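Coordinates as given in structure_5.csv (CSV, C-alpha atoms):
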```csv
chain,number,residue,atom,x,y,z
A,1,MET,CA,-19.2,106.6,40.9
A,2,ASP,CA,-16.5,109.2,41.2
A,3,ILE,CA,-14.2,106.9,39.2
A,4,VAL,CA,-16.8,106.7,36.4
A,5,PHE,CA,-17.1,110.5,36.3
A,6,LYS,CA,-13.3,110.8,36.4
A,7,TYR,CA,-13.0,108.5,33.3
A,8,LEU,CA,-15.9,110.2,31.5
A,9,SER,CA,-14.2,113.6,32.1
A,10,ASP,CA,-11.2,112.3,30.3
A,11,ILE,CA,-11.5,113.3,26.6
A,12,ARG,CA,-9.5,110.2,25.5
A,13,VAL,CA,-12.0,108.0,27.1
A,14,VAL,CA,-15.0,109.8,25.5
A,15,ILE,CA,-13.3,109.6,22.1
A,16,GLY,CA,-12.6,105.9,22.7
A,17,ILE,CA,-16.2,105.3,23.6
A,18,ALA,CA,-17.4,107.3,20.5
A,19,VAL,CA,-15.1,105.4,18.2
A,20,LEU,CA,-16.2,102.1,19.7
A,21,ALA,CA,-19.9,103.1,19.2
A,22,VAL,CA,-19.2,104.0,15.6
A,23,ILE,CA,-17.4,100.7,15.0
A,24,ILE,CA,-20.3,98.8,16.5
A,25,THR,CA,-22.7,100.8,14.4
A,26,VAL,CA,-20.8,100.2,11.2
A,27,ILE,CA,-20.5,96.5,12.1
A,28,LEU,CA,-24.3,96.4,12.6
A,29,ILE,CA,-25.0,98.3,9.4
A,30,VAL,CA,-22.6,96.1,7.4
A,31,SER,CA,-24.2,93.0,9.0
A,32,LYS,CA,-27.6,94.4,8.1
A,33,ILE,CA,-26.6,95.1,4.5
A,34,ARG,CA,-25.0,91.6,4.2
A,35,SER,CA,-28.0,90.0,5.8
A,36,GLY,CA,-30.4,92.0,3.5
A,37,LYS,CA,-28.4,91.0,0.4
A,38,ALA,CA,-28.4,87.4,1.5
A,39,ARG,CA,-32.2,87.6,2.1
A,40,LYS,CA,-32.8,89.0,-1.3
A,41,GLU,CA,-30.6,86.4,-2.9
A,42,LEU,CA,-32.4,83.7,-0.9
A,43,GLU,CA,-35.8,85.1,-2.1
A,44,GLU,CA,-34.7,85.0,-5.8
A,45,LEU,CA,-33.5,81.4,-5.3
A,46,GLU,CA,-36.8,80.5,-3.7
A,47,MET,CA,-38.7,81.9,-6.7
A,48,ARG,CA,-36.6,79.9,-9.1
A,49,TYR,CA,-37.2,76.8,-6.9
A,50,ASN,CA,-40.9,77.4,-6.9
A,51,THR,CA,-40.9,77.8,-10.6
A,52,ILE,CA,-39.3,74.4,-11.3
A,53,LYS,CA,-41.4,72.9,-8.5
A,54,SER,CA,-44.6,74.0,-10.2
A,55,VAL,CA,-43.9,72.0,-13.3
A,56,PRO,CA,-46.4,69.0,-13.1
A,57,LEU,CA,-43.8,66.3,-13.9
A,58,SER,CA,-45.5,63.6,-11.9
A,59,PHE,CA,-48.8,64.2,-13.5
A,60,LYS,CA,-47.2,64.2,-17.0
A,61,LEU,CA,-45.2,61.0,-16.2
A,62,ASN,CA,-48.4,59.2,-15.0
A,63,LYS,CA,-50.0,60.2,-18.4
A,64,ALA,CA,-46.9,58.9,-20.2
A,65,VAL,CA,-47.0,55.6,-18.2
A,66,ALA,CA,-50.6,55.2,-19.3
A,67,ILE,CA,-49.6,55.8,-22.9
A,68,SER,CA,-46.7,53.4,-22.7
A,69,ARG,CA,-49.2,50.6,-21.9
A,70,VAL,CA,-50.7,50.9,-25.4
A,71,ASP,CA,-47.6,52.2,-27.1
A,72,PRO,CA,-44.6,49.9,-26.8
A,73,GLU,CA,-42.2,52.4,-28.3
A,74,ALA,CA,-42.8,54.8,-25.4
A,75,MET,CA,-42.2,52.1,-22.8
A,76,GLU,CA,-38.3,52.4,-22.8
A,77,LYS,CA,-38.4,56.2,-22.8
A,78,VAL,CA,-40.8,56.2,-19.8
A,79,THR,CA,-38.6,53.8,-17.8
A,80,MET,CA,-35.6,56.1,-18.3
A,81,MET,CA,-37.8,59.1,-17.3
A,82,ARG,CA,-38.7,57.5,-14.1
A,83,ASP,CA,-35.1,57.3,-13.1
A,84,ASP,CA,-34.5,60.9,-14.2
A,85,LEU,CA,-37.5,62.1,-12.2
A,86,ASP,CA,-36.3,60.3,-9.1
A,87,LYS,CA,-33.0,62.1,-9.4
A,88,ALA,CA,-34.7,65.5,-10.0
A,89,GLU,CA,-37.1,65.0,-7.0
A,90,ALA,CA,-34.1,64.0,-4.8
A,91,ASN,CA,-32.3,67.2,-5.8
A,92,LEU,CA,-35.5,69.3,-5.2
A,93,LYS,CA,-35.8,67.7,-1.7
A,94,GLN,CA,-32.3,68.7,-0.9
A,95,ILE,CA,-32.9,72.2,-2.2
A,96,SER,CA,-36.0,72.5,0.1
A,97,THR,CA,-34.0,71.5,3.1
A,98,LEU,CA,-31.1,73.8,2.3
A,99,LEU,CA,-33.5,76.7,1.7
A,100,ALA,CA,-34.9,76.3,5.2
A,101,ASP,CA,-31.4,75.9,6.8
A,102,THR,CA,-30.1,79.0,4.9
A,103,GLU,CA,-33.1,81.0,6.1
A,104,ASP,CA,-32.4,80.0,9.7
A,105,GLU,CA,-28.8,81.0,9.3
A,106,ILE,CA,-29.7,84.5,7.9
A,107,ILE,CA,-32.2,85.0,10.8
A,108,SER,CA,-29.6,84.0,13.4
A,109,GLY,CA,-26.9,86.3,11.8
A,110,LYS,CA,-24.7,83.5,10.4
A,111,VAL,CA,-24.4,85.4,7.1
A,112,LYS,CA,-21.0,84.0,6.2
A,113,LYS,CA,-22.2,80.4,6.5
A,114,ALA,CA,-25.4,81.4,4.7
A,115,LYS,CA,-23.4,82.8,1.8
A,116,GLY,CA,-21.7,79.4,1.3
A,117,ASP,CA,-25.1,77.7,1.4
A,118,LEU,CA,-26.5,80.3,-1.1
A,119,ALA,CA,-23.7,79.3,-3.5
A,120,ASP,CA,-24.6,75.6,-3.1
A,121,LEU,CA,-28.3,76.5,-3.6
A,122,ASP,CA,-27.6,78.3,-6.8
A,123,ALA,CA,-25.7,75.4,-8.2
A,124,SER,CA,-28.4,72.9,-7.1
A,125,ILE,CA,-31.3,75.0,-8.5
A,126,THR,CA,-29.4,75.5,-11.8
A,127,LEU,CA,-29.1,71.7,-11.9
A,128,GLY,CA,-32.7,71.3,-11.0
A,129,GLU,CA,-33.8,73.7,-13.8
A,130,SER,CA,-31.8,71.7,-16.3
A,131,GLN,CA,-33.2,68.4,-15.1
A,132,VAL,CA,-36.9,69.6,-15.0
A,133,ALA,CA,-36.6,71.4,-18.4
A,134,SER,CA,-35.2,68.2,-20.0
A,135,LEU,CA,-37.8,66.0,-18.4
A,136,ASP,CA,-40.6,68.4,-19.3
A,137,GLU,CA,-39.6,68.5,-22.9
A,138,ALA,CA,-39.2,64.7,-23.2
A,139,LEU,CA,-42.6,64.1,-21.6
A,140,ASP,CA,-44.3,66.7,-23.8
A,141,SER,CA,-42.9,64.9,-26.9
A,142,ILE,CA,-44.7,61.7,-25.7
A,143,LEU,CA,-47.8,63.7,-24.7
A,144,GLU,CA,-47.8,65.7,-27.9
A,145,ARG,CA,-50.5,63.7,-29.6
A,146,GLU,CA,-52.7,64.1,-26.5
A,147,ASN,CA,-52.0,67.8,-26.4
A,148,VAL,CA,-53.0,68.2,-30.1
A,149,GLN,CA,-56.3,66.2,-29.5
A,150,ARG,CA,-56.9,68.2,-26.3
A,151,GLN,CA,-56.5,71.5,-28.1
A,152,GLU,CA,-58.8,70.3,-30.9
A,153,VAL,CA,-61.6,69.1,-28.6
A,154,ASN,CA,-61.4,72.4,-26.6
A,155,GLU,CA,-62.0,74.3,-29.9
A,156,LEU,CA,-64.9,72.0,-30.7
A,157,LYS,CA,-66.4,72.5,-27.3
A,158,ASN,CA,-66.3,76.3,-27.7
A,159,HIS,CA,-67.8,76.0,-31.2
A,160,PHE,CA,-70.5,73.7,-29.9
A,161,ARG,CA,-71.3,76.0,-27.0
A,162,GLU,CA,-71.7,78.9,-29.5
A,163,LEU,CA,-74.1,76.8,-31.7
A,164,LYS,CA,-76.2,75.9,-28.7
A,165,GLU,CA,-76.5,79.6,-27.8
A,166,THR,CA,-77.4,80.5,-31.4
A,167,ALA,CA,-80.1,77.7,-31.4
A,168,ASN,CA,-81.6,79.0,-28.1
A,169,ARG,CA,-81.7,82.6,-29.4
A,170,ASN,CA,-83.5,81.5,-32.6
A,171,ARG,CA,-85.7,78.8,-31.1
A,172,SER,CA,-88.9,80.2,-32.6
A,173,GLN,CA,-87.5,79.8,-36.1
A,174,LEU,CA,-86.1,76.4,-35.3
A,175,ASN,CA,-89.1,75.0,-33.4
A,176,TYR,CA,-90.2,72.8,-36.2
A,177,ALA,CA,-87.0,70.7,-35.9
A,178,TRP,CA,-86.4,71.4,-32.2
A,179,SER,CA,-86.8,67.8,-31.1
A,180,THR,CA,-84.0,66.8,-33.5
A,181,ILE,CA,-81.8,69.7,-32.3
A,182,GLU,CA,-82.2,68.5,-28.7
A,183,GLN,CA,-81.3,64.9,-29.8
A,184,ILE,CA,-78.2,66.2,-31.7
A,185,THR,CA,-77.0,68.2,-28.7
A,186,SER,CA,-77.6,65.3,-26.3
A,187,GLU,CA,-75.7,62.9,-28.6
A,188,THR,CA,-72.8,65.4,-29.1
A,189,GLU,CA,-72.4,65.9,-25.4
A,190,GLY,CA,-72.3,62.1,-25.1
A,191,MET,CA,-69.5,62.0,-27.7
A,192,PHE,CA,-67.5,64.6,-25.7
A,193,SER,CA,-67.9,62.3,-22.6
A,194,ASN,CA,-66.8,59.3,-24.6
A,195,PHE,CA,-63.8,61.3,-25.8
A,196,GLU,CA,-62.7,62.1,-22.3
A,197,GLU,CA,-63.0,58.4,-21.3
A,198,ARG,CA,-60.8,57.4,-24.2
A,199,MET,CA,-58.3,60.1,-23.3
A,200,TYR,CA,-58.3,58.9,-19.6
A,201,THR,CA,-57.3,55.4,-20.7
A,202,SER,CA,-54.8,56.9,-23.3
A,203,ASP,CA,-56.6,55.2,-26.1
A,204,PHE,CA,-55.8,57.9,-28.6
A,205,GLU,CA,-57.0,55.9,-31.7
A,206,ALA,CA,-60.4,55.6,-30.2
A,207,ALA,CA,-60.3,59.2,-29.1
A,208,ASN,CA,-59.5,60.3,-32.6
A,209,GLU,CA,-62.5,58.3,-34.0
A,210,GLU,CA,-64.7,60.0,-31.4
A,211,LEU,CA,-63.3,63.4,-32.6
A,212,ALA,CA,-64.4,62.5,-36.1
A,213,ASN,CA,-67.9,61.7,-34.8
A,214,ILE,CA,-68.0,65.0,-33.0
A,215,HIS,CA,-66.9,66.9,-36.1
A,216,ARG,CA,-69.7,65.2,-38.2
A,217,SER,CA,-72.3,65.9,-35.5
A,218,ILE,CA,-71.4,69.6,-35.1
A,219,GLU,CA,-71.4,70.0,-38.9
A,220,ARG,CA,-74.9,68.6,-39.0
A,221,PHE,CA,-76.0,70.8,-36.2
A,222,GLU,CA,-74.5,73.9,-37.9
A,223,THR,CA,-76.2,73.0,-41.2
A,224,ILE,CA,-79.6,72.7,-39.5
A,225,LEU,CA,-79.1,76.1,-37.8
A,226,LYS,CA,-78.2,77.8,-41.1
A,227,SER,CA,-80.6,76.0,-43.5
A,228,VAL,CA,-83.8,75.1,-41.7
A,229,PRO,CA,-85.2,78.7,-41.1
A,230,GLU,CA,-84.6,79.7,-44.8
A,231,LEU,CA,-86.0,76.3,-46.1
A,232,LEU,CA,-89.0,76.5,-43.9
A,233,GLU,CA,-89.8,80.0,-45.2
A,234,ASP,CA,-90.1,78.4,-48.7
A,235,ALA,CA,-91.6,75.1,-47.7
A,236,ARG,CA,-94.3,76.4,-45.3
A,237,GLY,CA,-94.9,79.9,-46.8
A,238,VAL,CA,-93.8,80.7,-50.4
A,239,ILE,CA,-94.5,77.4,-52.1
A,240,PRO,CA,-97.9,76.7,-50.5
A,241,LYS,CA,-99.0,80.2,-51.4
A,242,MET,CA,-97.8,79.7,-55.0
A,243,ALA,CA,-99.7,76.4,-55.1
A,244,GLU,CA,-102.8,78.1,-53.8
A,245,VAL,CA,-102.6,80.8,-56.5
A,246,VAL,CA,-102.1,78.2,-59.2
A,247,HIS,CA,-105.1,76.1,-58.0
A,248,HIS,CA,-107.3,79.3,-57.8
A,249,ASP,CA,-106.3,80.4,-61.3
A,250,TYR,CA,-106.8,76.8,-62.6
A,251,THR,CA,-110.2,76.5,-61.0
A,252,GLU,CA,-111.3,79.9,-62.3
A,253,ALA,CA,-110.1,79.3,-65.8
A,254,LYS,CA,-111.6,75.8,-65.9
A,255,GLY,CA,-114.9,77.2,-64.8
A,256,ARG,CA,-114.8,79.6,-67.7
A,257,GLY,CA,-114.4,76.7,-70.1
A,258,VAL,CA,-110.6,77.1,-70.8
A,259,TYR,CA,-109.1,73.8,-72.0
A,260,LEU,CA,-106.4,72.9,-69.5
A,261,LYS,CA,-106.4,69.1,-69.4
A,262,HIS,CA,-103.1,68.9,-71.3
A,263,LEU,CA,-101.3,70.8,-68.4
A,264,GLN,CA,-102.1,68.1,-65.9
A,265,VAL,CA,-102.5,70.7,-63.2
A,266,ASP,CA,-104.1,68.4,-60.6
A,267,GLN,CA,-101.5,65.8,-61.0
A,268,ASN,CA,-98.6,68.3,-60.7
A,269,LEU,CA,-100.1,69.9,-57.6
A,270,THR,CA,-100.5,66.5,-56.0
A,271,LEU,CA,-96.9,65.6,-56.8
A,272,ILE,CA,-95.6,68.9,-55.4
A,273,THR,CA,-97.8,68.5,-52.3
A,274,ASN,CA,-96.5,65.0,-51.6
A,275,GLY,CA,-92.9,66.0,-52.3
A,276,LEU,CA,-93.2,69.0,-50.1
A,277,LYS,CA,-94.6,66.8,-47.2
A,278,ALA,CA,-91.6,64.4,-47.6
A,279,ASP,CA,-89.2,67.3,-47.5
A,280,LEU,CA,-90.8,68.7,-44.4
A,281,ASP,CA,-90.6,65.4,-42.7
A,282,GLN,CA,-86.9,65.2,-43.8
A,283,MET,CA,-86.2,68.6,-42.3
A,284,LYS,CA,-88.0,67.7,-39.1
A,285,GLY,CA,-85.5,64.9,-38.7
A,286,GLY,CA,-82.6,67.3,-39.2
A,287,ASP,CA,-81.7,66.1,-42.8
A,288,VAL,CA,-81.6,68.9,-45.3
A,289,THR,CA,-79.9,66.9,-48.1
A,290,ASP,CA,-81.2,68.0,-51.5
A,291,VAL,CA,-84.2,69.9,-49.9
A,292,ARG,CA,-83.1,73.2,-51.4
A,293,GLU,CA,-82.9,71.6,-54.9
A,294,HIS,CA,-86.4,70.1,-54.4
A,295,LEU,CA,-87.9,73.4,-53.2
A,296,ASN,CA,-86.4,75.3,-56.2
A,297,ASP,CA,-87.8,72.7,-58.5
A,298,TYR,CA,-91.3,73.1,-56.9
A,299,LYS,CA,-91.2,76.9,-57.3
A,300,GLU,CA,-90.1,76.6,-60.9
A,301,ARG,CA,-92.8,74.1,-61.8
A,302,LEU,CA,-95.5,76.2,-60.1
A,303,SER,CA,-94.3,79.3,-61.8
A,304,GLN,CA,-94.4,77.5,-65.2
A,305,LEU,CA,-97.9,76.1,-64.4
A,306,GLY,CA,-99.1,79.6,-63.6
A,307,GLU,CA,-97.7,81.0,-66.8
A,308,HIS,CA,-99.2,78.2,-68.9
A,309,ILE,CA,-102.6,78.8,-67.3
A,310,HIS,CA,-102.4,82.5,-67.8
A,311,ARG,CA,-101.4,82.0,-71.5
A,312,GLU,CA,-104.2,79.5,-72.1
A,313,SER,CA,-106.7,81.9,-70.5
A,314,GLU,CA,-105.4,84.7,-72.7
A,315,ALA,CA,-105.7,82.5,-75.7
A,316,PHE,CA,-109.2,81.5,-74.7
A,317,ASP,CA,-110.2,85.1,-74.3
A,318,GLU,CA,-108.7,86.1,-77.6
A,319,MET,CA,-110.5,83.2,-79.3
A,320,ARG,CA,-113.8,84.3,-77.8
A,321,THR,CA,-113.2,87.9,-78.8
A,322,LEU,CA,-112.5,86.7,-82.3
A,323,ALA,CA,-115.5,84.4,-82.4
A,324,ASN,CA,-117.7,87.3,-81.3
A,325,GLU,CA,-116.3,89.5,-84.0
A,326,ILE,CA,-116.8,86.8,-86.6
A,327,THR,CA,-120.4,86.3,-85.4
A,328,THR,CA,-121.0,90.1,-85.5
A,329,LEU,CA,-119.6,90.2,-89.1
A,330,TYR,CA,-121.6,87.2,-90.1
A,331,ASN,CA,-124.8,88.8,-88.8
A,332,GLU,CA,-124.0,92.1,-90.6
A,333,SER,CA,-123.3,90.1,-93.8
A,334,GLU,CA,-126.6,88.3,-93.4
A,335,LYS,CA,-128.5,91.6,-93.1
A,336,SER,CA,-126.7,93.0,-96.1
A,337,MET,CA,-127.5,89.9,-98.1
A,338,ALA,CA,-131.2,90.1,-97.2
A,339,TYR,CA,-131.3,93.8,-98.2
A,340,VAL,CA,-129.7,93.2,-101.5
A,341,THR,CA,-132.0,90.2,-102.2
A,342,ASP,CA,-135.1,92.3,-101.3
A,343,GLN,CA,-134.0,95.2,-103.5
A,344,PHE,CA,-133.2,92.9,-106.4
A,345,SER,CA,-136.6,91.2,-106.2
A,346,ARG,CA,-138.4,94.6,-106.3
A,347,LEU,CA,-136.3,96.1,-109.0
A,348,SER,CA,-135.6,93.1,-111.3
A,349,THR,CA,-139.0,93.3,-113.1
A,350,ARG,CA,-138.9,97.0,-113.6
A,351,TYR,CA,-135.4,96.9,-115.2
A,352,GLY,CA,-135.8,93.6,-116.9
A,353,LEU,CA,-133.1,91.9,-114.8
A,354,VAL,CA,-132.9,88.2,-114.9
A,355,VAL,CA,-131.4,86.1,-112.2
A,356,MET,CA,-128.8,83.9,-113.7
```

Please rewrite the model in this file as structure tokens.
Amino acid sequence: MDIVFKYLSDIRVVIGIAVLAVIITVILIVSKIRSGKARKELEELEMRYNTIKSVPLSFKLNKAVAISRVDPEAMEKVTMMRDDLDKAEANLKQISTLLADTEDEIISGKVKKAKGDLADLDASITLGESQVASLDEALDSILERENVQRQEVNELKNHFRELKETANRNRSQLNYAWSTIEQITSETEGMFSNFEERMYTSDFEAANEELANIHRSIERFETILKSVPELLEDARGVIPKMAEVVHHDYTEAKGRGVYLKHLQVDQNLTLITNGLKADLDQMKGGDVTDVREHLNDYKERLSQLGEHIHRESEAFDEMRTLANEITTLYNESEKSMAYVTDQFSRLSTRYGLVVM
């Protein structure tokens, strides 16, 4: 113990111990810094590895294989891609192992060895990025048609969903054709399912035909939503009211003795009623083709009938007024004639007048 105190009392020993402590501290700090730098570099490399690992090459290749079964031109490309994918996956497997080994080295303080492995990792990951990017681009070129169709069908699905929401919000106005709307929505949903089945088997021609069917069905659905409420307003409101007014005016005028046979009002009303019934049945079935033209024609014909009846009634009233005036004038003329005759009879003898 005395020896220890003796050495500690020696200033040179104390300085030596202090220097040694500083050296050890510096070594530890430098080691910590190097270790931290290596850890940060490793984390960056892991992020790059995870990025290329997340690219769904296997999924895309399986899709490309399915396409190659119906597209001979793609067969050779897919075969080459299989080999390239095997090489890329082997590289990624080595990277995964080296990442784990490098992490163990950093934890155990073998920073120098870890630095060498980090350099190897950077080179391997750079190669992996190139391999994966090249494969991904090549696969996308084969899957491009599918991607285009997939984007198109997604847009159609969104539009179809909006149309269904619109229909539900306006059900009271669309209730007349609701059974047809339900049928269209059910059929369209079936078309979407058929499309998915065609895409699953990579039958892109059949999938494209199904897309055309979906387009037509959605267009029909959209036309019904836009047209039926407005058409029904005329078909079940405006036109029946106009026909009712025409029939009332016709019955009233006919009862007063107005000559209306030449207008063929009953025949016209019957034709319009039958045509309107056919148009309503057509709308109920979801077909609005030419309905607007028909309804406009009915309104024009009813308007013309009403005008003709009104004119005939006015002419009839004018004729009756004129006849009454003529009768009154005739009666007044008769009275005047009778007075003149009476006066002539009484005065002719007195004044020697002789009737010629």

| field | Length of the atom CA of Glu219 of chain A to atom CA of Gln173 of chain A vector [Å] | value | 19.1 Å

| field | 12 Å contact set for Asp234 of chain A, all atoms listed in the file, chain neighbours under 3 positions out, as a VMD selection string | value | chain A and resid 227 to 231 237 to 243 276 279 to 280 291 to 299

| said: Just the number, please: distance in Å from atom CA of Asn274 of chain A to atom CA of Gly255 of chain A, one decimal. | reply: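 Distance reported for this atom pair: 25.7 Å.
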
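Note that atom CA of Ile309 of chain A and atom CA of Leu263 of chain A are 8.2 Å apart.
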
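Here the question is which of A:Thr251, A:Ser54, A:Gln282, A:Asn168 gets nearest to Ser313 of chain A using only C-alpha atoms, and that residue is A:Thr251.
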
| remark: Across A:Ala133, A:Ala114, A:Ile52, A:Ala338, the smallest distance to Ala100 of chain A, with all atoms listed in the file counted, is shown by A:Ala114

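Of the residues under consideration (A:Asn175, A:Ala119, A:Val153, A:Ser333), A:Val153 shows the shortest atom-to-atom contact distance to Asn194 of chain A when counting all atoms listed in the file.
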
| query | Which of these residues is nearest to Val55 of chain A, using only C-alpha atoms: A:Ile95, A:Val258, A:Met319, A:Val132? | reply |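 Smallest separation from Val55 of chain A among the options: A:Val132.
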
| said: Under the rule that only C-alpha atoms are counted, which of A:Ile142, A:Leu92, A:Pro56, A:Leu42 is the nearest residue to Glu105 of chain A? | reply: A:Leu42

| said: Let me make sure I understand: among A:Thr201, A:Ser336, A:Asn170, A:Ser193, which one has the smallest atom-to-atom distance to Asn62 of chain A if we use only C-alpha atoms? | reply: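 Checking each candidate against Asn62 of chain A, we get A:Thr201 as the closest.
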
Put the listed atoms of segment 136-152 of chain A in a box along x, y and z with 5 Å added on every side and give me the centre and edge lengths in Å to one decimal, as lines of an AutoDock Vina configuration file.
```
center_x = -49.0
center_y = 66.6
center_z = -25.1
size_x = 29.6
size_y = 19.8
size_z = 21.6
```

| task | Quick one: everything within 8 Å of Val246 of chain A, counting all atoms listed in the file, minus sequence neighbours fewer than 4 positions away in the same chain. Send it as an MDAnalysis selection string. | result | chainID A and resid 242 250 302 305:306

Contacts of Leu260 of chain A at 9 Å (all atoms listed in the file; same-chain gap of 5+ positions) as a PDB file with C-alpha atoms, in the frame of the given file:
```pdb
ATOM      1  CA  TYR A 250    -106.800  76.800 -62.600  1.00  0.00           C
ATOM      2  CA  ALA A 253    -110.100  79.300 -65.800  1.00  0.00           C
ATOM      3  CA  LYS A 254    -111.600  75.800 -65.900  1.00  0.00           C
ATOM      4  CA  VAL A 265    -102.500  70.700 -63.200  1.00  0.00           C
ATOM      5  CA  HIS A 308     -99.200  78.200 -68.900  1.00  0.00           C
ATOM      6  CA  ILE A 309    -102.600  78.800 -67.300  1.00  0.00           C
ATOM      7  CA  GLU A 312    -104.200  79.500 -72.100  1.00  0.00           C
TER       8      GLU A 312
END
```

| Polymer residues at most 12 Å from (-65.3, 60.8, -34.0) by only C-alpha atoms, as a PyMOL selection string | chain A and resi 149+152-153+156+187-188+190-195+198+204-218
